[in-house]
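K.L.:
Would you mind keeping the following structure in view while I ask a few things?
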Amino acid sequence: MRLVVDLNRCQGYAQCAFLAPDVFAMHGDEALLYNPQADAEQSEPLARAVAACPVQAILVEGLDETAGVPTAPGEEASRGR
Ligand code: SF4
């Protein structure tokens, strides 16, 4: 999956580095490093990081953003999976 972080938006809150440490890392107090070509197996932690970013700075191509989000019983069928 390709991902981009809008560094003009990013405020260095580090939520993403906490939730997807194999993709994001903080360098010092504010600089964010990330792997722009994350493996598919990172889709769950990545979805959590996208959802948790307070400024919606993380954009991921081809990510099912519902991955890793708990669903109510019976909800799966309504999503057409
Ligand atoms: S969670 Fe968002 S604002 Fe915080 S470091 Fe990650 S991309 Fe930046």
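All residue names refer to the structure tokens as shown: chains lettered A, B, ... in order, residues numbered from 1 in each chain, ligands numbered from 1 in order.
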Could the residues of chain A that have an atom at most 10 Å from ligand 1 be listed as CSV, each with its closest atom pair and the distance in Å to one decimal, counting only C-alpha atoms and all ligand atoms and ordered by chain and ascending residue number?

P.N.:
residue,atom,partner,partner_atom_place_in_ligand_line,distance
A:Val4,CA,ligand 1,7 (S),9.2
A:Val5,CA,ligand 1,7 (S),5.9
A:Asp6,CA,ligand 1,7 (S),7.4
A:Leu7,CA,ligand 1,8 (Fe),7.1
A:Asn8,CA,ligand 1,8 (Fe),9.2
A:Arg9,CA,ligand 1,3 (S),6.8
A:Cys10,CA,ligand 1,8 (Fe),3.7
A:Gln11,CA,ligand 1,3 (S),4.3
A:Gly12,CA,ligand 1,5 (S),3.7
A:Tyr13,CA,ligand 1,4 (Fe),3.6
A:Ala14,CA,ligand 1,5 (S),3.8
A:Gln15,CA,ligand 1,1 (S),4.1
A:Cys16,CA,ligand 1,6 (Fe),4.2
A:Ala17,CA,ligand 1,6 (Fe),6.3
A:Phe18,CA,ligand 1,1 (S),8.5
A:Leu19,CA,ligand 1,1 (S),8.9
A:Ala20,CA,ligand 1,6 (Fe),9.5
A:Phe24,CA,ligand 1,6 (Fe),7.5
A:Ala25,CA,ligand 1,5 (S),8.4
A:Met26,CA,ligand 1,5 (S),7.3
A:Asp29,CA,ligand 1,5 (S),9.9
A:Glu30,CA,ligand 1,5 (S),7.7
A:Ala31,CA,ligand 1,5 (S),8.0
A:Leu32,CA,ligand 1,5 (S),6.0
A:Leu33,CA,ligand 1,5 (S),8.9
A:Tyr34,CA,ligand 1,7 (S),9.3
A:Arg48,CA,ligand 1,1 (S),10.0
A:Ala49,CA,ligand 1,1 (S),6.5
A:Val50,CA,ligand 1,1 (S),7.4
A:Ala51,CA,ligand 1,1 (S),8.8
A:Ala52,CA,ligand 1,1 (S),6.4
A:Cys53,CA,ligand 1,1 (S),3.8
A:Pro54,CA,ligand 1,2 (Fe),5.9
A:Val55,CA,ligand 1,3 (S),5.7
A:Gln56,CA,ligand 1,2 (Fe),6.3
A:Ala57,CA,ligand 1,7 (S),5.1
A:Ile58,CA,ligand 1,7 (S),5.5
A:Leu59,CA,ligand 1,7 (S),9.2

K.L.:
How far is it from atom CA of Leu3 of chain A to atom CA of Pro45 of chain A, in Å with one decimal?

P.N.:
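Atom CA of Leu3 of chain A sits 13.1 Å away from atom CA of Pro45 of chain A.
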